[in-house]
Amino acid sequence: MDKIIELQSHREAQALLGLQDANARLIEKEFKVKLVLRGEHLKISGVSANIKKASGLIGYILEAARAGQGEPGKLDLAYLISNFKNPRKTPGIEIPETAVIRGATGKQIGPKTTGQREYVEAIKKYDIVFGIGPAGTGKTYLAMSCAVDALKKQEVRRIILTRPAIEAGESLGFLPGDMQEKISPYLRPLYDALYDMMEAERIEKYLETGIIEVAPLAYMRGRTLNDAFIILDEAQNCTAEQMKMFLTRLGFDSKAVITGDMTQSDLPHGKPIGLLQAQDILSATEGIEFIYFSGSDVVRHALVQRIIEAYDRVNREN
C-alpha cells in the first residue's frame with residue numbers, strides 16, 4: 001500500500017528528511033515503511049497500520065515546519081516517534097502546544113509527549129497538581145518552565161523551589177561544610193533546571209532579592225506562601241507529616257506542583273510515604289489534579305524508556 005503526501009517547499013523537505021536524509025532513514029526503520037521523495041511528492045510505502053502512524057508523524061513535522069519551527073532535533077524526533085508508535089489514547093497523537101517559554105539560550109521549552117501536554121494544561125488550570133511517574137519524564141523541568149512563565153507574566157511574585165533533604169545512605173553530619181553546603185547537593189537539580197530557563201545574571205539577582213527561593217522542605221514549616229509558584233520535587237521522600245505540612249502552606253494567589261516517583265523513595269523501610277498517602281486521601285478532592293506519567297513520556301536516552309518498561313514488567317509479574 002502507498003500514500004502520497006504533498007510538500008509545499010524545499011524547506012519542508014529539509015525539515016522532514018534531515019541532514020543527509022538521517023530523519024527519513026530513522027522513520028523508515030522505526031515504522032517499517034519506505035519513503036521516496038519525487039519533486040514535491042513524498043510516497044510512503046508499507047502496510048496500512050504502519051503508514052497511518054508514519055504519516056501522522058510526517059504530518060506533524062510538516063505542520064511544525066510551516067509554523068516556523070524548522071527541523072526537529074535528534075531527541076525531539078525520538079520523542080515524537082515514540083508517541084506516534086505508541087499513542088496513549090487514540091490512534092493519532094494530539095499535536096502538542098508550542099513552547100511554554102524560551103530558555104536562556106533561546107531554545108523552546110515545552111511538552112513533547114501527550115502526557116506532558118496534559119501535565120502542562122493541568123498546571124495552568126489547577127492550583128495544586130501532582131506529577132507522578134518515572135525519572136526522565138519532565139515532571140520537574142516542565143513545572144519549572146511553567147513557574148518561570150508565570151513569573152514573567154506577573155501571575156505570581158516569586159518562585160519557591162523545595163525538596164526534602166533525605167539522607168540516602170550518608171549522614172549529613174559527616175559531610176563537610178556548613179548547613180547550606182551540606183544541603184546544596186540535594187538542591188542541585190533544581191538549580192540546573194533553573195539555569196536552563198533564565199539568564200544567570202537574572203537568576204542571581206532574583207535569588208538575592210528573594211524573588212526565587214531554593215530551600216530544603218524543612219524551611220517551609222510555619223510559613224504561609226502567598227503570590228507564589230511553589231514546586232516540591234522528589235516528593236516520594238516526604239513523610240506523611242511533611243506532605244501535610246507542605247500542602248497547608250499554600251496561600252492566596254499561589255500554585256503548587258508536587259513531583260515524585262513512587263518507586264524511588266529513600267525513606268526508611270516501613271515509614272509511610274507522604275506522596276502515596278496524599279494520593280489516597282486527595283485524589284477525589286476538587287481543585288487538585290493528579291497526572292501520571294509512564295515510560296512513553298520519558299525524554300531521555302531511548303534506553304531509559306526500555307529500562308523503565310523492563311522493570312515495570314518484572315513488578316507486574318511479582
# chains A, B, ... in the order shown; residues from 1 in each chain; ligands from 1
>>> residues_around(residues="Lys124 of chain A", least_positions_apart="4", cutoff="9 Å", atoms="only C-alpha atoms", output="list in words")
Tyr119, Val120 and Cys146 of chain A
>>> write_last_selection(atoms="N, CA and C atoms", output="PDB file, in the first residue's frame")
ATOM      1  N   TYR A 119      -0.074  17.414  31.499  1.00  0.00           N
ATOM      2  CA  TYR A 119       0.541  17.931  32.722  1.00  0.00           C
ATOM      3  C   TYR A 119       0.591  19.458  32.700  1.00  0.00           C
ATOM      4  N   VAL A 120       1.081  20.025  31.604  1.00  0.00           N
ATOM      5  CA  VAL A 120       1.178  21.481  31.482  1.00  0.00           C
ATOM      6  C   VAL A 120      -0.206  22.120  31.529  1.00  0.00           C
ATOM      7  N   CYS A 146       6.793  26.317  33.638  1.00  0.00           N
ATOM      8  CA  CYS A 146       5.514  26.969  33.933  1.00  0.00           C
ATOM      9  C   CYS A 146       5.681  28.036  35.010  1.00  0.00           C
TER      10      CYS A 146
END
>>> select_by_dssp(residues="segment 150-284 of chain A", states="helix (DSSP H, G or I)", output="ChimeraX atom specification")
/A:150-152,172-174,179-197,200-209,217-220,235-237,240-247,262-264,274-282
>>> write_last_selection(atoms="C-alpha atoms", output="CSV table (one decimal), in the first residue's frame")
chain,number,residue,atom,x,y,z
A,150,ALA,CA,4.0,32.7,35.4
A,151,LEU,CA,6.7,35.0,36.9
A,152,LYS,CA,7.4,36.7,33.6
A,172,LEU,CA,24.6,14.9,56.7
A,173,GLY,CA,26.5,15.4,59.9
A,174,PHE,CA,29.6,13.7,58.4
A,179,MET,CA,24.4,23.5,56.7
A,180,GLN,CA,24.0,25.4,53.3
A,181,GLU,CA,26.9,23.5,51.8
A,182,LYS,CA,25.6,20.2,53.2
A,183,ILE,CA,22.2,20.6,51.6
A,184,SER,CA,23.4,22.1,48.3
A,185,PRO,CA,23.8,18.7,46.5
A,186,TYR,CA,20.2,17.9,47.2
A,187,LEU,CA,19.1,21.1,45.6
A,188,ARG,CA,21.5,21.0,42.6
A,189,PRO,CA,18.9,19.5,40.1
A,190,LEU,CA,16.6,22.4,40.8
A,191,TYR,CA,19.4,24.9,40.1
A,192,ASP,CA,20.3,23.1,36.9
A,193,ALA,CA,16.8,23.3,35.5
A,194,LEU,CA,16.5,27.0,36.6
A,195,TYR,CA,19.7,28.0,34.7
A,196,ASP,CA,18.2,26.4,31.6
A,197,MET,CA,15.2,28.7,31.8
A,200,ALA,CA,22.5,33.5,35.0
A,201,GLU,CA,22.6,37.2,36.0
A,202,ARG,CA,18.9,37.5,36.4
A,203,ILE,CA,18.8,34.3,38.5
A,204,GLU,CA,21.5,35.6,40.8
A,205,LYS,CA,19.6,38.9,41.2
A,206,TYR,CA,16.3,37.0,41.9
A,207,LEU,CA,18.0,34.7,44.4
A,208,GLU,CA,19.5,37.7,46.3
A,209,THR,CA,16.1,39.6,46.4
A,217,LEU,CA,11.5,21.3,52.7
A,218,ALA,CA,12.1,21.8,56.4
A,219,TYR,CA,12.5,25.5,55.8
A,220,MET,CA,8.8,25.7,54.7
A,235,ALA,CA,8.1,14.2,47.0
A,236,GLN,CA,8.4,10.4,47.3
A,237,ASN,CA,10.9,11.2,50.1
A,240,ALA,CA,3.2,11.9,55.7
A,241,GLU,CA,3.7,14.7,58.2
A,242,GLN,CA,5.9,16.7,55.8
A,243,MET,CA,3.5,16.3,53.0
A,244,LYS,CA,0.6,17.7,55.1
A,245,MET,CA,2.8,20.5,56.3
A,246,PHE,CA,3.7,21.5,52.8
A,247,LEU,CA,0.2,21.3,51.3
A,262,MET,CA,6.8,6.2,43.9
A,263,THR,CA,9.4,3.6,43.0
A,264,GLN,CA,12.4,5.8,44.1
A,274,GLY,CA,3.6,11.1,52.2
A,275,LEU,CA,3.1,11.1,48.4
A,276,LEU,CA,1.3,7.8,48.5
A,277,GLN,CA,-0.9,8.9,51.4
A,278,ALA,CA,-1.7,12.2,49.6
A,279,GLN,CA,-2.7,10.2,46.6
A,280,ASP,CA,-5.1,8.1,48.6
A,281,ILE,CA,-6.6,11.0,50.6
A,282,LEU,CA,-6.7,13.8,48.0
>>> closest_residue(among="A:Phe229, A:Phe252, A:Tyr311, A:Phe84", to="Met144 of chain A", atoms="only C-alpha atoms")
A:Phe229
>>> residues_around(residues="Ser254 of chain A", least_positions_apart="3", cutoff="6 Å", atoms="only C-alpha atoms", output="PyMOL selection string")
chain A and resi 226-229+251
>>> select_by_dssp(residues="segment 157-288 of chain A", states="strand (DSSP E or B)", output="list in words")
Arg158, Ile159, Ile160, Leu161, Thr162, Arg163, Ile212, Glu213, Val214, Ala215, Pro216, Leu225, Ala228, Phe229, Ile230, Ile231, Leu232, Thr239, Leu250, Lys255, Ala256, Val257, Ile258, Thr259, Gly260, Ile273 and Ile288 of chain A
>>> closest_atom_pairs(of="segment 118-225 of chain A", to="segment 256-261 of chain A", cutoff="7 Å", atoms="only C-alpha atoms", output="JSON lines")
{"residue": "A:Asp127", "atom": "CA", "partner": "A:Ala256", "partner_atom": "CA", "distance": 6.1}
{"residue": "A:Ile128", "atom": "CA", "partner": "A:Ala256", "partner_atom": "CA", "distance": 4.8}
{"residue": "A:Val129", "atom": "CA", "partner": "A:Val257", "partner_atom": "CA", "distance": 4.9}
{"residue": "A:Phe130", "atom": "CA", "partner": "A:Ile258", "partner_atom": "CA", "distance": 4.7}
{"residue": "A:Gly131", "atom": "CA", "partner": "A:Thr259", "partner_atom": "CA", "distance": 4.7}
{"residue": "A:Ile132", "atom": "CA", "partner": "A:Gly260", "partner_atom": "CA", "distance": 5.1}
{"residue": "A:Gly133", "atom": "CA", "partner": "A:Asp261", "partner_atom": "CA", "distance": 4.9}
{"residue": "A:Pro134", "atom": "CA", "partner": "A:Asp261", "partner_atom": "CA", "distance": 5.4}
{"residue": "A:Lys139", "atom": "CA", "partner": "A:Thr259", "partner_atom": "CA", "distance": 6.1}
{"residue": "A:Thr140", "atom": "CA", "partner": "A:Thr259", "partner_atom": "CA", "distance": 6.5}
{"residue": "A:Ala143", "atom": "CA", "partner": "A:Val257", "partner_atom": "CA", "distance": 6.8}
>>> closest_residue(among="A:Ser9, A:Gly210, A:Asn83, A:Lys255", to="Ala147 of chain A", atoms="only C-alpha atoms")
A:Lys255
>>> closest_residue(among="A:Glu289, A:Glu317, A:Glu71, A:Glu309", to="Leu19 of chain A", atoms="only C-alpha atoms")
A:Glu71
>>> atom_distance(atom1="atom CA of Ile61 of chain A", atom2="atom CA of Arg11 of chain A")
11.5 Å
>>> closest_residue(among="A:Gln154, A:Thr285, A:Thr162, A:Gln116", to="Ala215 of chain A", atoms="only C-alpha atoms")
A:Thr162
>>> closest_residue(among="A:Ser82, A:Thr224, A:Ser55, A:Thr137", to="Leu16 of chain A", atoms="only C-alpha atoms")
A:Ser55
>>> atom_distance(atom1="atom CA of Ile160 of chain A", atom2="atom CA of Arg223 of chain A")
12.0 Å
>>> atom_distance(atom1="atom CA of Lys43 of chain A", atom2="atom CA of Lys112 of chain A")
26.5 Å
